[in-house]
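Below: final_34.pdb (PDB, C-alpha atoms)
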```pdb
ATOM      1  CA  MET L   1      -2.451  12.196  -0.636  1.00  0.00           C
ATOM      2  CA  ALA L   2      -3.334   8.991  -2.421  1.00  0.00           C
ATOM      3  CA  HIS L   3      -4.592   9.082  -5.998  1.00  0.00           C
ATOM      4  CA  VAL L   4      -7.231   6.654  -7.236  1.00  0.00           C
ATOM      5  CA  LYS L   5      -7.854   5.391 -10.728  1.00  0.00           C
ATOM      6  CA  VAL L   6     -10.816   3.289 -11.828  1.00  0.00           C
ATOM      7  CA  PRO L   7      -9.261   1.660 -14.919  1.00  0.00           C
ATOM      8  CA  ASP L   8     -12.461   0.018 -16.185  1.00  0.00           C
ATOM      9  CA  GLU L   9     -14.161   3.435 -16.196  1.00  0.00           C
ATOM     10  CA  ASN L  10     -11.101   5.331 -17.493  1.00  0.00           C
ATOM     11  CA  ARG L  11     -11.445   7.691 -14.515  1.00  0.00           C
ATOM     12  CA  THR L  12      -8.830   9.208 -12.177  1.00  0.00           C
ATOM     13  CA  ILE L  13      -9.757  10.757  -8.830  1.00  0.00           C
ATOM     14  CA  ASP L  14      -7.529  13.327  -7.126  1.00  0.00           C
ATOM     15  CA  ASP L  15     -10.092  15.082  -4.918  1.00  0.00           C
ATOM     16  CA  GLU L  16      -9.471  14.141  -1.262  1.00  0.00           C
ATOM     17  CA  ALA L  17     -13.148  13.966  -0.268  1.00  0.00           C
ATOM     18  CA  GLU L  18     -14.038  11.843  -3.306  1.00  0.00           C
ATOM     19  CA  ILE L  19     -11.093   9.520  -2.635  1.00  0.00           C
ATOM     20  CA  GLN L  20     -12.229   9.056   0.970  1.00  0.00           C
ATOM     21  CA  THR L  21     -15.770   8.292  -0.225  1.00  0.00           C
ATOM     22  CA  ILE L  22     -14.842   5.778  -2.950  1.00  0.00           C
ATOM     23  CA  LEU L  23     -12.406   3.918  -0.670  1.00  0.00           C
ATOM     24  CA  ARG L  24     -14.861   3.848   2.259  1.00  0.00           C
ATOM     25  CA  ARG L  25     -17.619   2.500  -0.029  1.00  0.00           C
ATOM     26  CA  ALA L  26     -15.223  -0.261  -1.114  1.00  0.00           C
ATOM     27  CA  GLY L  27     -14.555  -1.127   2.548  1.00  0.00           C
ATOM     28  CA  ILE L  28     -11.001   0.241   2.528  1.00  0.00           C
ATOM     29  CA  GLU L  29      -9.733   2.327   5.434  1.00  0.00           C
ATOM     30  CA  TYR L  30      -7.638   5.325   4.378  1.00  0.00           C
ATOM     31  CA  GLN L  31      -5.990   7.927   6.595  1.00  0.00           C
ATOM     32  CA  LYS L  32      -3.320  10.585   6.193  1.00  0.00           C
ATOM     33  CA  TRP L  33      -0.767  10.652   9.049  1.00  0.00           C
ATOM     34  CA  THR L  34       1.727  13.387   9.875  1.00  0.00           C
ATOM     35  CA  PRO L  35       4.454  12.792  12.472  1.00  0.00           C
ATOM     36  CA  THR L  36       5.365  15.221  15.215  1.00  0.00           C
ATOM     37  CA  PRO L  37       8.247  15.927  14.940  1.00  0.00           C
ATOM     38  CA  PRO L  38       8.882  15.122  11.256  1.00  0.00           C
ATOM     39  CA  VAL L  39      10.931  12.031  10.398  1.00  0.00           C
ATOM     40  CA  GLU L  40      13.886  12.467   8.055  1.00  0.00           C
ATOM     41  CA  PRO L  41      14.128  10.156   5.020  1.00  0.00           C
ATOM     42  CA  GLY L  42      16.346   7.179   5.847  1.00  0.00           C
ATOM     43  CA  ALA L  43      15.752   7.483   9.590  1.00  0.00           C
ATOM     44  CA  PRO L  44      16.326   4.230  11.494  1.00  0.00           C
ATOM     45  CA  ASP L  45      13.295   1.951  11.869  1.00  0.00           C
ATOM     46  CA  HIS L  46      13.033   2.615  15.606  1.00  0.00           C
ATOM     47  CA  ALA L  47      12.891   6.391  14.979  1.00  0.00           C
ATOM     48  CA  VAL L  48      10.045   5.928  12.494  1.00  0.00           C
ATOM     49  CA  LEU L  49       8.122   3.657  14.871  1.00  0.00           C
ATOM     50  CA  ASP L  50       8.712   6.115  17.739  1.00  0.00           C
ATOM     51  CA  ALA L  51       7.549   9.102  15.678  1.00  0.00           C
ATOM     52  CA  TYR L  52       4.264   7.392  14.822  1.00  0.00           C
ATOM     53  CA  ALA L  53       3.856   5.437  18.089  1.00  0.00           C
ATOM     54  CA  GLY L  54       0.671   7.253  19.140  1.00  0.00           C
ATOM     55  CA  LYS L  55      -1.057   6.671  15.794  1.00  0.00           C
ATOM     56  CA  ILE L  56       0.209   3.083  15.559  1.00  0.00           C
ATOM     57  CA  ASP L  57      -0.958   2.255  19.097  1.00  0.00           C
ATOM     58  CA  GLU L  58      -4.385   3.788  18.447  1.00  0.00           C
ATOM     59  CA  PHE L  59      -4.796   1.838  15.196  1.00  0.00           C
ATOM     60  CA  LYS L  60      -3.605  -1.362  16.909  1.00  0.00           C
ATOM     61  CA  ARG L  61      -6.244  -0.968  19.631  1.00  0.00           C
ATOM     62  CA  MET L  62      -9.010  -0.259  17.103  1.00  0.00           C
ATOM     63  CA  GLY L  63      -8.242  -3.244  14.869  1.00  0.00           C
ATOM     64  CA  GLY L  64      -6.809  -5.833  17.217  1.00  0.00           C
ATOM     65  CA  TYR L  65      -3.332  -5.594  15.703  1.00  0.00           C
ATOM     66  CA  VAL L  66      -0.545  -7.130  17.785  1.00  0.00           C
ATOM     67  CA  LYS L  67       2.591  -6.405  15.801  1.00  0.00           C
ATOM     68  CA  ALA L  68       4.090  -3.464  13.930  1.00  0.00           C
ATOM     69  CA  ASP L  69       7.259  -3.550  11.863  1.00  0.00           C
ATOM     70  CA  ILE L  70       8.832  -1.841   8.881  1.00  0.00           C
ATOM     71  CA  ILE L  71       9.435  -3.185   5.413  1.00  0.00           C
ATOM     72  CA  GLY L  72      11.741  -1.476   2.966  1.00  0.00           C
ATOM     73  CA  VAL L  73      12.061  -2.315  -0.713  1.00  0.00           C
ATOM     74  CA  THR L  74      14.741  -0.810  -2.964  1.00  0.00           C
ATOM     75  CA  PRO L  75      15.900  -1.826  -6.448  1.00  0.00           C
ATOM     76  CA  ASP L  76      19.343  -2.900  -5.194  1.00  0.00           C
ATOM     77  CA  MET L  77      18.275  -5.197  -2.355  1.00  0.00           C
ATOM     78  CA  PRO L  78      18.910  -8.927  -2.790  1.00  0.00           C
ATOM     79  CA  GLY L  79      15.833 -10.893  -3.859  1.00  0.00           C
ATOM     80  CA  VAL L  80      13.768  -7.819  -4.723  1.00  0.00           C
ATOM     81  CA  VAL L  81      12.490  -9.272  -8.015  1.00  0.00           C
ATOM     82  CA  GLU L  82      11.238 -12.437  -6.319  1.00  0.00           C
ATOM     83  CA  MET L  83       9.693 -10.410  -3.477  1.00  0.00           C
ATOM     84  CA  MET L  84       7.850  -8.104  -5.851  1.00  0.00           C
ATOM     85  CA  GLU L  85       6.589 -11.082  -7.876  1.00  0.00           C
ATOM     86  CA  LYS L  86       4.859 -12.308  -4.699  1.00  0.00           C
ATOM     87  CA  PHE L  87       3.243  -8.927  -4.079  1.00  0.00           C
ATOM     88  CA  SER L  88       2.204  -8.354  -7.696  1.00  0.00           C
ATOM     89  CA  ARG L  89      -0.032 -11.427  -8.098  1.00  0.00           C
ATOM     90  CA  GLU L  90      -3.678 -11.250  -7.058  1.00  0.00           C
ATOM     91  CA  HIS L  91      -4.140 -12.594  -3.543  1.00  0.00           C
ATOM     92  CA  THR L  92      -6.069 -12.300  -0.304  1.00  0.00           C
ATOM     93  CA  HIS L  93      -5.193 -12.617   3.371  1.00  0.00           C
ATOM     94  CA  ALA L  94      -7.026 -14.067   6.364  1.00  0.00           C
ATOM     95  CA  GLU L  95      -6.369 -10.742   8.118  1.00  0.00           C
ATOM     96  CA  ASP L  96      -6.371  -7.073   7.143  1.00  0.00           C
ATOM     97  CA  GLU L  97      -3.380  -5.767   5.196  1.00  0.00           C
ATOM     98  CA  VAL L  98      -2.397  -2.463   6.788  1.00  0.00           C
ATOM     99  CA  ARG L  99       0.411  -0.340   5.367  1.00  0.00           C
ATOM    100  CA  PHE L 100       1.536   3.152   6.304  1.00  0.00           C
ATOM    101  CA  ILE L 101       3.848   4.577   3.637  1.00  0.00           C
ATOM    102  CA  VAL L 102       6.927   6.303   5.061  1.00  0.00           C
ATOM    103  CA  GLU L 103       9.016   6.702   1.888  1.00  0.00           C
ATOM    104  CA  GLY L 104       8.602   5.964  -1.817  1.00  0.00           C
ATOM    105  CA  HIS L 105       5.472   5.170  -3.785  1.00  0.00           C
ATOM    106  CA  GLY L 106       3.438   2.153  -4.764  1.00  0.00           C
ATOM    107  CA  LEU L 107       0.346   1.118  -6.658  1.00  0.00           C
ATOM    108  CA  LEU L 108      -2.151  -1.045  -4.811  1.00  0.00           C
ATOM    109  CA  HIS L 109      -4.871  -2.595  -6.951  1.00  0.00           C
ATOM    110  CA  VAL L 110      -7.906  -3.702  -4.953  1.00  0.00           C
ATOM    111  CA  HIS L 111     -10.865  -5.645  -6.262  1.00  0.00           C
ATOM    112  CA  PRO L 112     -13.813  -5.209  -3.924  1.00  0.00           C
ATOM    113  CA  GLY L 113     -16.471  -7.798  -4.674  1.00  0.00           C
ATOM    114  CA  SER L 114     -19.174  -5.164  -5.124  1.00  0.00           C
ATOM    115  CA  GLY L 115     -17.411  -2.823  -7.506  1.00  0.00           C
ATOM    116  CA  PRO L 116     -14.706  -2.254 -10.104  1.00  0.00           C
ATOM    117  CA  VAL L 117     -10.978  -2.696  -9.572  1.00  0.00           C
ATOM    118  CA  LEU L 118      -9.437   0.398  -7.982  1.00  0.00           C
ATOM    119  CA  ALA L 119      -5.804   1.384  -8.509  1.00  0.00           C
ATOM    120  CA  VAL L 120      -4.653   3.328  -5.441  1.00  0.00           C
ATOM    121  CA  GLU L 121      -1.329   5.117  -5.759  1.00  0.00           C
ATOM    122  CA  VAL L 122       0.073   5.613  -2.261  1.00  0.00           C
ATOM    123  CA  GLU L 123       2.787   8.007  -1.111  1.00  0.00           C
ATOM    124  CA  PRO L 124       4.426   9.041   2.165  1.00  0.00           C
ATOM    125  CA  GLY L 125       1.855   9.797   4.845  1.00  0.00           C
ATOM    126  CA  ASP L 126      -0.820   7.452   3.446  1.00  0.00           C
ATOM    127  CA  LEU L 127      -2.211   4.686   5.643  1.00  0.00           C
ATOM    128  CA  ILE L 128      -4.321   2.135   3.825  1.00  0.00           C
ATOM    129  CA  SER L 129      -6.028  -0.942   5.230  1.00  0.00           C
ATOM    130  CA  VAL L 130      -7.374  -3.620   2.893  1.00  0.00           C
ATOM    131  CA  PRO L 131      -9.859  -5.823   4.762  1.00  0.00           C
ATOM    132  CA  ALA L 132      -9.319  -9.547   5.181  1.00  0.00           C
ATOM    133  CA  GLY L 133     -10.495 -11.518   2.158  1.00  0.00           C
ATOM    134  CA  MET L 134     -10.401  -8.611  -0.328  1.00  0.00           C
ATOM    135  CA  LEU L 135      -8.599  -9.370  -3.590  1.00  0.00           C
ATOM    136  CA  HIS L 136      -5.558  -7.148  -4.199  1.00  0.00           C
ATOM    137  CA  TRP L 137      -1.978  -6.874  -5.496  1.00  0.00           C
ATOM    138  CA  PHE L 138       0.850  -4.332  -5.208  1.00  0.00           C
ATOM    139  CA  VAL L 139       3.585  -2.981  -7.502  1.00  0.00           C
ATOM    140  CA  LEU L 140       6.217  -0.286  -7.103  1.00  0.00           C
ATOM    141  CA  CYS L 141       6.069   3.052  -8.904  1.00  0.00           C
ATOM    142  CA  GLY L 142       8.855   4.378 -11.100  1.00  0.00           C
ATOM    143  CA  ASP L 143      11.018   5.433  -8.136  1.00  0.00           C
ATOM    144  CA  GLN L 144      11.207   1.668  -7.451  1.00  0.00           C
ATOM    145  CA  GLN L 145      11.225   1.954  -3.700  1.00  0.00           C
ATOM    146  CA  VAL L 146       8.854   1.923  -0.785  1.00  0.00           C
ATOM    147  CA  ARG L 147       9.247   1.883   2.972  1.00  0.00           C
ATOM    148  CA  ALA L 148       6.196   1.160   5.066  1.00  0.00           C
ATOM    149  CA  VAL L 149       5.030   0.397   8.569  1.00  0.00           C
ATOM    150  CA  ARG L 150       3.069  -2.849   8.578  1.00  0.00           C
ATOM    151  CA  LEU L 151       0.489  -3.797  11.200  1.00  0.00           C
ATOM    152  CA  PHE L 152      -0.502  -7.413  11.799  1.00  0.00           C
ATOM    153  CA  GLN L 153      -3.290  -9.176  13.675  1.00  0.00           C
ATOM    154  CA  ASN L 154      -1.331 -12.434  13.405  1.00  0.00           C
ATOM    155  CA  PRO L 155       2.181 -12.218  14.889  1.00  0.00           C
ATOM    156  CA  GLU L 156       3.406 -14.577  12.151  1.00  0.00           C
ATOM    157  CA  GLY L 157       3.070 -11.761   9.609  1.00  0.00           C
ATOM    158  CA  TRP L 158       2.248 -11.688   5.903  1.00  0.00           C
ATOM    159  CA  VAL L 159       0.561 -14.849   4.571  1.00  0.00           C
ATOM    160  CA  PRO L 160      -0.835 -14.576   1.019  1.00  0.00           C
ATOM    161  CA  HIS L 161      -3.498 -16.804  -0.515  1.00  0.00           C
ATOM    162  CA  TYR L 162      -3.032 -16.539  -4.297  1.00  0.00           C
ATOM    163  CA  THR L 163      -6.095 -16.797  -6.537  1.00  0.00           C
ATOM    164  CA  GLY L 164      -4.297 -17.819  -9.736  1.00  0.00           C
ATOM    165  CA  SER L 165      -6.932 -15.837 -11.651  1.00  0.00           C
ATOM    166  CA  GLY L 166      -4.427 -13.776 -13.643  1.00  0.00           C
ATOM    167  CA  LEU L 167      -6.654 -10.714 -13.155  1.00  0.00           C
ATOM    168  CA  GLU L 168      -3.594  -8.574 -12.429  1.00  0.00           C
ATOM    169  CA  THR L 169      -2.401  -9.068 -16.027  1.00  0.00           C
ATOM    170  CA  ARG L 170      -5.418  -7.081 -17.286  1.00  0.00           C
ATOM    171  CA  TYR L 171      -4.320  -3.911 -15.480  1.00  0.00           C
ATOM    172  CA  GLU L 172      -1.285  -1.761 -16.191  1.00  0.00           C
ATOM    173  CA  PRO L 173       1.192  -1.721 -13.328  1.00  0.00           C
ATOM    174  CA  VAL L 174       1.922   1.970 -13.989  1.00  0.00           C
ATOM    175  CA  CYS L 175       1.587   4.772 -11.456  1.00  0.00           C
ATOM    176  CA  PHE L 176      -0.221   7.909 -12.556  1.00  0.00           C
ATOM    177  CA  GLY L 177      -0.037  10.546  -9.790  1.00  0.00           C
ATOM    178  CA  PRO L 178       2.156  13.649  -9.633  1.00  0.00           C
ATOM    179  CA  HIS L 179       5.172  11.571  -8.568  1.00  0.00           C
ATOM    180  CA  TYR L 180       4.918   9.434 -11.711  1.00  0.00           C
ATOM    181  CA  ILE L 181       8.237   8.366 -13.173  1.00  0.00           C
ATOM    182  CA  PRO L 182       8.006   6.305 -16.362  1.00  0.00           C
ATOM    183  CA  ALA L 183       8.540   2.589 -15.822  1.00  0.00           C
ATOM    184  CA  GLY L 184      12.136   1.638 -16.465  1.00  0.00           C
ATOM    185  CA  TRP L 185      13.502   5.095 -15.656  1.00  0.00           C
ATOM    186  CA  GLY L 186      16.875   4.832 -13.983  1.00  0.00           C
ATOM    187  CA  VAL L 187      16.990   1.060 -14.359  1.00  0.00           C
ATOM    188  CA  SER L 188      20.120  -0.317 -15.946  1.00  0.00           C
TER     189      SER L 188
END
```

Would you mind writing the file's structure down as structure tokens?
Amino acid sequence: MAHVKVPDENRTIDDEAEIQTILRRAGIEYQKWTPTPPVEPGAPDHAVLDAYAGKIDEFKRMGGYVKADIIGVTPDMPGVVEMMEKFSREHTHAEDEVRFIVEGHGLLHVHPGSGPVLAVEVEPGDLISVPAGMLHWFVLCGDQQVRAVRLFQNPEGWVPHYTGSGLETRYEPVCFGPHYIPAGWGVS
């Protein structure tokens, strides 16, 4: 279950119904998915996509998505620092950003135009969809890894439009849920 923090109000939300309400009011789609049968950590991409095929196909039909793939980020992969720098700067997209977390944890900051910045800590089983045009950025949690199914309306994939506002520098890139591991833990 995702955890939500409203940094400007010094408030953390762990109640599932309240999380659903605050995200829906902000225009963010959130669902919890469970595979049948369960998928083992480290399973091949095709096994993950097969396990969630029904949910993925349903979501694709509902939102006009044409492509699904998997992204994996680990601390030892080549170019990870540069990749995470791209994700961690405030940006928008011309299409929805849909991520279903399979493994690991991340912190998605979203800035809906009609409300405060929300920090949404996502974990395995969380599907989150940030609507086109909404300001957001993403950082890894202390476990420094994430694996996610991505859904795209544009077959070309992820295209960011950076704002250059620097807003992300005003918010701590630190996860806060029960899977919290202090930043820098295990990093040599």

Query raised in the report: Restricting the calculation to all atoms listed in the file, which member of L:Val110, L:Ala2, L:Val149, L:Val48 is positioned closest to His91 (chain L)?
Result: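 Under the stated criterion, the closest residue is L:Val110.
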
Query raised in the report: Closest to Arg147 (chain L) among L:Pro37, L:Gly72, L:Gly42, L:Pro160, using all atoms listed in the file?
Result: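 Of all the options, L:Gly72 lies closest to Arg147 (chain L).
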
Report task. Give as a list in words the residues that the PyMOL selection byres ((chain L and resi 141) around 6) matches when applied to the coordinates above. Result -> His105, Gly106, Leu140, Gly142, Asp143, Gln144 and Cys175 of chain L

Requested in this report: Would you write out, as an MDAnalysis selection string, every residue that the PyMOL selection byres ((chain L and resi 138) around 10) captures in this file?
Outcome: chainID L and resid 84:91 106:110 119:121 136:137 139:141 168 173

Report task. Have a look at L:Val146, L:Ala94, L:Val81, L:Met134 and name the one nearest to Ser114 (chain L); count only C-alpha atoms. Result ->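 Among the listed residues, the smallest separation from Ser114 (chain L) belongs to L:Met134.
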
Query - Pairwise distance for CA of Lys55 (chain L) and CA of Leu151 (chain L), rounded to one decimal in Å - result: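 Spanning CA of Lys55 (chain L) to CA of Leu151 (chain L) is a straight-line distance of 11.5 Å.
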
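Within 9 Å of Ala132 (chain L), once all atoms listed in the file are used and residues closer than 4 positions along the same chain are dropped, the contacting residues are L:Thr92, L:His93, L:Ala94, L:Glu95, L:Asp96, L:Glu97.
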
Quick one: everything within 9 Å of Ile56 (chain L), counting all atoms listed in the file, minus sequence neighbours fewer than 4 positions away in the same chain. Send it as a PDB file with C-alpha atoms, in the frame of the given file.
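Output contents, as saved in result08.pdb:
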```pdb
ATOM      1  CA  LEU L  49       8.122   3.657  14.871  1.00  0.00           C
ATOM      2  CA  TYR L  52       4.264   7.392  14.822  1.00  0.00           C
ATOM      3  CA  LYS L  60      -3.605  -1.362  16.909  1.00  0.00           C
ATOM      4  CA  ARG L  61      -6.244  -0.968  19.631  1.00  0.00           C
ATOM      5  CA  ALA L  68       4.090  -3.464  13.930  1.00  0.00           C
ATOM      6  CA  VAL L 149       5.030   0.397   8.569  1.00  0.00           C
ATOM      7  CA  LEU L 151       0.489  -3.797  11.200  1.00  0.00           C
TER       8      LEU L 151
END
```

Report task. Could you tell me how far CA of Ala26 (chain L) lies from CA of Val122 (chain L), in Å and to one decimal? Result ->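 For CA of Ala26 (chain L) relative to CA of Val122 (chain L), the distance reads 16.4 Å.
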
**Report entry** Distance in Å - CA of Glu103 (chain L) versus CA of Asp69 (chain L)
**Finding:**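 CA of Asp69 (chain L) lies at a distance of 14.4 Å from CA of Glu103 (chain L).
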
Report task. Determine the nearest neighbour of Leu127 (chain L) from the options L:Glu29, L:Asp8, L:Asp14, L:Glu40, counting all atoms listed in the file. Result ->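 Among L:Glu29, L:Asp8, L:Asp14, L:Glu40, it is L:Glu29 that comes nearest to Leu127 (chain L).
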
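Considering all atoms listed in the file, the residue among L:Pro112, L:Leu118, L:Glu123, L:Gly164 positioned nearest to Pro7 (chain L) is L:Leu118.
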
Query - Nearest-residue call for Tyr171 (chain L), choices L:Pro116, L:His3, L:Tyr30, L:Asp50, using all atoms listed in the file - result: L:Pro116

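Surrounding residues of (-1.2, -8.6, 21.7) at most 12 Å away are Asp57, Lys60, Arg61, Gly63, Gly64, Tyr65, Val66, Lys67, Ala68, Leu151, Phe152, Gln153, Asn154 and Pro155 of chain L (based on all atoms listed in the file).
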
Incomplete region 147-161 of chain L brought to N, CA and C atoms, written out as an mmCIF file, in the coordinates of the input:
```cif
data_model
loop_
_atom_site.group_PDB
_atom_site.id
_atom_site.type_symbol
_atom_site.label_atom_id
_atom_site.label_comp_id
_atom_site.auth_asym_id
_atom_site.auth_seq_id
_atom_site.Cartn_x
_atom_site.Cartn_y
_atom_site.Cartn_z
ATOM 1 N N ARG L 147 8.967 2.228 1.580
ATOM 2 C CA ARG L 147 9.247 1.883 2.972
ATOM 3 C C ARG L 147 7.941 2.101 3.711
ATOM 4 N N ALA L 148 7.510 1.092 4.446
ATOM 5 C CA ALA L 148 6.196 1.160 5.066
ATOM 6 C C ALA L 148 6.189 0.507 6.435
ATOM 7 N N VAL L 149 5.352 1.040 7.308
ATOM 8 C CA VAL L 149 5.030 0.397 8.569
ATOM 9 C C VAL L 149 3.922 -0.597 8.261
ATOM 10 N N ARG L 150 4.086 -1.818 8.759
ATOM 11 C CA ARG L 150 3.069 -2.849 8.578
ATOM 12 C C ARG L 150 2.466 -3.168 9.944
ATOM 13 N N LEU L 151 1.171 -3.382 9.975
ATOM 14 C CA LEU L 151 0.489 -3.797 11.200
ATOM 15 C C LEU L 151 -0.134 -5.162 10.955
ATOM 16 N N PHE L 152 -0.016 -6.044 11.941
ATOM 17 C CA PHE L 152 -0.502 -7.413 11.799
ATOM 18 C C PHE L 152 -1.406 -7.808 12.957
ATOM 19 N N GLN L 153 -2.447 -8.563 12.656
ATOM 20 C CA GLN L 153 -3.290 -9.176 13.675
ATOM 21 C C GLN L 153 -2.703 -10.524 14.074
ATOM 22 N N ASN L 154 -1.995 -11.152 13.158
ATOM 23 C CA ASN L 154 -1.331 -12.434 13.405
ATOM 24 C C ASN L 154 0.164 -12.163 13.564
ATOM 25 N N PRO L 155 0.759 -12.516 14.694
ATOM 26 C CA PRO L 155 2.181 -12.218 14.889
ATOM 27 C C PRO L 155 3.102 -12.905 13.883
ATOM 28 N N GLU L 156 2.596 -13.890 13.148
ATOM 29 C CA GLU L 156 3.406 -14.577 12.151
ATOM 30 C C GLU L 156 3.669 -13.699 10.931
ATOM 31 N N GLY L 157 2.836 -12.690 10.714
ATOM 32 C CA GLY L 157 3.070 -11.761 9.609
ATOM 33 C C GLY L 157 2.316 -12.100 8.342
ATOM 34 N N TRP L 158 2.882 -11.687 7.211
ATOM 35 C CA TRP L 158 2.248 -11.688 5.903
ATOM 36 C C TRP L 158 2.085 -13.094 5.351
ATOM 37 N N VAL L 159 0.846 -13.538 5.152
ATOM 38 C CA VAL L 159 0.561 -14.849 4.571
ATOM 39 C C VAL L 159 -0.420 -14.658 3.421
ATOM 40 N N PRO L 160 0.059 -14.768 2.168
ATOM 41 C CA PRO L 160 -0.835 -14.576 1.019
ATOM 42 C C PRO L 160 -1.552 -15.873 0.627
ATOM 43 N N HIS L 161 -2.742 -15.700 0.075
ATOM 44 C CA HIS L 161 -3.498 -16.804 -0.515
ATOM 45 C C HIS L 161 -3.760 -16.388 -1.966
#
```
